Amino acid sequence: VTFSGRITEFAVPRGQSQTYYALTASGGLWRTVDGGISFEPLFDKYGNMSMGSMAIAPSNSNILYLGTGEPMHARSSAHGNGMWKSTDAGKTWTRIGLEKSYYIPKVAVDFKNPDVVYVAAEGKLYDNEMDCERGLYKSTDGGKTWANVFPVKDRGVADFVIDPNNSDIVIAAAYKTFRRTWTYID
């Protein structure tokens, strides 16, 4: 199997060594169940092939939260179409919002409650208009609703960590950048 584009992330279910997911910049989402000997595509029918980040619920490895939009600030980065959820280990997907987040560099799920999800959203890279979703978003109902718990209108949230003992404690990193077509940001 040949992958299209760069690998943006790997996601591995807790306790697994043979099953894992590979997210690509422009070639979709792939899963292996035999340690990488063969892969199957999981996201070809959902309108976007640019993957950002995926979290597997630690308490239930069938629950996946996928953030689209490659989180690299290159001229070749393609934006995504929001957040998606699977409850059957990637066989089927449901869109769960944040369509205007454009680039999602990080998704994480609470260690015990699979309905508590955090998402870092960067918004538009080439435009500082406030017509996009930027910040750190939290859902407590499995993605049905989202609250921006760290609203930073003029900057994107690039990364965060959740306290493993208390998912209400989060440390997030935000930055301000404006991407132009003629510049290179390393």
# chains A, B, ... in the order shown; residues from 1 in each chain; ligands from 1
$ residues_around --residues "segment 42-51 of chain A" --least-positions-apart "3" --cutoff "12 Å" --atoms "only C-alpha atoms" --output "MDAnalysis selection string"
chainID A and resid 3:11 21:32 39 54 64:72 76:86 88:95 99 102:107
$ select_by_dssp --residues "segment 134-166 of chain A" --states "strand (DSSP E or B)" --output "PyMOL selection string"
chain A and resi 135-139+147-150+156-163+166
$ write_last_selection --atoms "all heavy atoms" --output "short mmCIF file (atom, residue, chain, number, x, y, z; two decimals), in the first residue's frame"
data_model
loop_
_atom_site.label_atom_id
_atom_site.label_comp_id
_atom_site.auth_asym_id
_atom_site.auth_seq_id
_atom_site.Cartn_x
_atom_site.Cartn_y
_atom_site.Cartn_z
N GLY A 135 -9.24 28.27 19.09
CA GLY A 135 -9.20 28.15 20.54
C GLY A 135 -9.11 26.70 20.97
O GLY A 135 -8.78 25.81 20.18
N LEU A 136 -9.40 26.47 22.24
CA LEU A 136 -9.44 25.13 22.80
C LEU A 136 -10.90 24.81 23.09
O LEU A 136 -11.55 25.49 23.88
CB LEU A 136 -8.62 25.05 24.09
CG LEU A 136 -8.60 23.69 24.77
CD1 LEU A 136 -7.87 22.66 23.90
CD2 LEU A 136 -7.94 23.79 26.14
N TYR A 137 -11.40 23.79 22.41
CA TYR A 137 -12.81 23.41 22.54
C TYR A 137 -12.94 22.17 23.42
O TYR A 137 -12.07 21.29 23.40
CB TYR A 137 -13.42 23.16 21.16
CG TYR A 137 -13.63 24.42 20.39
CD1 TYR A 137 -12.61 24.98 19.63
CD2 TYR A 137 -14.85 25.09 20.44
CE1 TYR A 137 -12.79 26.15 18.94
CE2 TYR A 137 -15.04 26.27 19.74
CZ TYR A 137 -14.01 26.80 19.00
OH TYR A 137 -14.20 27.96 18.31
N LYS A 138 -14.05 22.13 24.16
CA LYS A 138 -14.33 20.99 25.03
C LYS A 138 -15.77 20.55 24.81
O LYS A 138 -16.68 21.37 24.72
CB LYS A 138 -14.14 21.38 26.50
CG LYS A 138 -14.43 20.24 27.47
CD LYS A 138 -14.25 20.68 28.92
CE LYS A 138 -14.50 19.52 29.87
NZ LYS A 138 -14.34 19.94 31.28
N SER A 139 -15.95 19.24 24.74
CA SER A 139 -17.28 18.65 24.71
C SER A 139 -17.41 17.71 25.89
O SER A 139 -16.48 16.96 26.20
CB SER A 139 -17.50 17.87 23.41
OG SER A 139 -18.78 17.25 23.43
N ALA A 147 -17.86 23.78 23.68
CA ALA A 147 -17.64 25.07 24.34
C ALA A 147 -16.19 25.47 24.11
O ALA A 147 -15.28 24.65 24.26
CB ALA A 147 -17.93 24.97 25.83
N ASN A 148 -15.98 26.74 23.76
CA ASN A 148 -14.63 27.24 23.60
C ASN A 148 -14.14 27.66 24.98
O ASN A 148 -14.51 28.71 25.49
CB ASN A 148 -14.60 28.41 22.61
CG ASN A 148 -13.18 28.77 22.21
OD1 ASN A 148 -12.21 28.39 22.85
ND2 ASN A 148 -13.07 29.53 21.13
N VAL A 149 -13.31 26.82 25.60
CA VAL A 149 -12.85 27.07 26.97
C VAL A 149 -11.59 27.92 27.02
O VAL A 149 -11.16 28.31 28.11
CB VAL A 149 -12.66 25.74 27.74
CG1 VAL A 149 -13.98 25.02 27.90
CG2 VAL A 149 -11.64 24.83 27.05
N PHE A 150 -11.00 28.21 25.87
CA PHE A 150 -9.82 29.08 25.79
C PHE A 150 -9.94 29.88 24.50
O PHE A 150 -9.25 29.66 23.52
CB PHE A 150 -8.55 28.22 25.80
CG PHE A 150 -7.25 28.99 25.83
CD1 PHE A 150 -7.12 30.19 26.50
CD2 PHE A 150 -6.14 28.47 25.19
CE1 PHE A 150 -5.91 30.87 26.52
CE2 PHE A 150 -4.93 29.14 25.19
CZ PHE A 150 -4.81 30.34 25.87
N GLY A 156 -4.11 30.75 17.07
CA GLY A 156 -4.53 29.36 17.09
C GLY A 156 -3.99 28.64 18.31
O GLY A 156 -2.98 29.03 18.88
N VAL A 157 -4.67 27.59 18.72
CA VAL A 157 -4.17 26.73 19.78
C VAL A 157 -3.48 25.55 19.10
O VAL A 157 -4.08 24.84 18.30
CB VAL A 157 -5.29 26.26 20.72
CG1 VAL A 157 -4.77 25.22 21.71
CG2 VAL A 157 -5.87 27.44 21.49
N ALA A 158 -2.21 25.36 19.41
CA ALA A 158 -1.39 24.37 18.73
C ALA A 158 -1.25 23.07 19.50
O ALA A 158 -1.10 22.01 18.90
CB ALA A 158 -0.01 24.94 18.45
N ASP A 159 -1.31 23.13 20.82
CA ASP A 159 -1.06 21.93 21.61
C ASP A 159 -1.65 22.11 23.00
O ASP A 159 -1.91 23.23 23.44
CB ASP A 159 0.44 21.69 21.70
CG ASP A 159 0.80 20.26 22.08
OD1 ASP A 159 -0.10 19.40 22.16
OD2 ASP A 159 2.00 20.00 22.30
N PHE A 160 -1.86 20.99 23.67
CA PHE A 160 -2.32 21.01 25.05
C PHE A 160 -2.06 19.66 25.68
O PHE A 160 -1.83 18.66 24.99
CB PHE A 160 -3.81 21.37 25.15
CG PHE A 160 -4.72 20.36 24.50
CD1 PHE A 160 -5.23 19.29 25.21
CD2 PHE A 160 -5.08 20.49 23.17
CE1 PHE A 160 -6.06 18.36 24.60
CE2 PHE A 160 -5.91 19.57 22.56
CZ PHE A 160 -6.40 18.49 23.29
N VAL A 161 -2.06 19.63 27.00
CA VAL A 161 -1.98 18.37 27.75
C VAL A 161 -3.07 18.40 28.81
O VAL A 161 -3.40 19.45 29.36
CB VAL A 161 -0.61 18.13 28.40
CG1 VAL A 161 0.45 17.84 27.35
CG2 VAL A 161 -0.20 19.28 29.28
N ILE A 162 -3.62 17.22 29.09
CA ILE A 162 -4.66 17.06 30.11
C ILE A 162 -4.04 16.38 31.32
O ILE A 162 -3.32 15.38 31.17
CB ILE A 162 -5.82 16.20 29.58
CG1 ILE A 162 -6.44 16.82 28.34
CG2 ILE A 162 -6.88 15.99 30.65
CD1 ILE A 162 -7.48 15.93 27.68
N ASP A 163 -4.34 16.88 32.50
CA ASP A 163 -3.92 16.22 33.73
C ASP A 163 -4.57 14.84 33.79
O ASP A 163 -5.80 14.74 33.73
CB ASP A 163 -4.35 17.07 34.93
CG ASP A 163 -3.85 16.53 36.26
OD1 ASP A 163 -3.80 15.29 36.43
OD2 ASP A 163 -3.53 17.33 37.13
N ASN A 166 -7.23 14.64 36.56
CA ASN A 166 -8.36 15.56 36.56
C ASN A 166 -8.45 16.24 35.20
O ASN A 166 -7.68 17.16 34.92
CB ASN A 166 -8.20 16.60 37.68
CG ASN A 166 -9.36 17.57 37.73
OD1 ASN A 166 -10.25 17.58 36.89
ND2 ASN A 166 -9.34 18.43 38.74
#
$ closest_residue --among "A:Val116, A:Ala121, A:Val12, A:Ala174" --to "Lys144 of chain A" --atoms "only C-alpha atoms"
A:Val116
$ atom_distance --atom1 "atom CA of Glu133 of chain A" --atom2 "atom CA of Gly52 of chain A"
15.2 Å
$ residues_around --residues "Gln16 of chain A" --least-positions-apart "5" --cutoff "10 Å" --atoms "only C-alpha atoms" --output "tab-separated table (two decimals) with C-alpha atoms, in the first residue's frame"
chain	number	residue	atom	x	y	z
A	33	VAL	CA	-4.45	-4.81	12.34
A	35	GLY	CA	1.44	-4.53	12.65
A	61	SER	CA	-10.97	1.64	21.86
$ atom_distance --atom1 "atom CA of Ala108 of chain A" --atom2 "atom CA of Ala55 of chain A"
5.2 Å
$ residues_around --residues "Arg134 of chain A" --least-positions-apart "5" --cutoff "7 Å" --atoms "only C-alpha atoms" --output "VMD selection string"
chain A and resid 101 121 to 123 151 to 153 155 to 157
$ closest_residue --among "A:Asp141, A:Asp168, A:Glu40, A:Asp154" --to "Thr19 of chain A" --atoms "only C-alpha atoms"
A:Glu40
$ atom_distance --atom1 "atom CA of Gly15 of chain A" --atom2 "atom CA of Pro58 of chain A"
9.6 Å
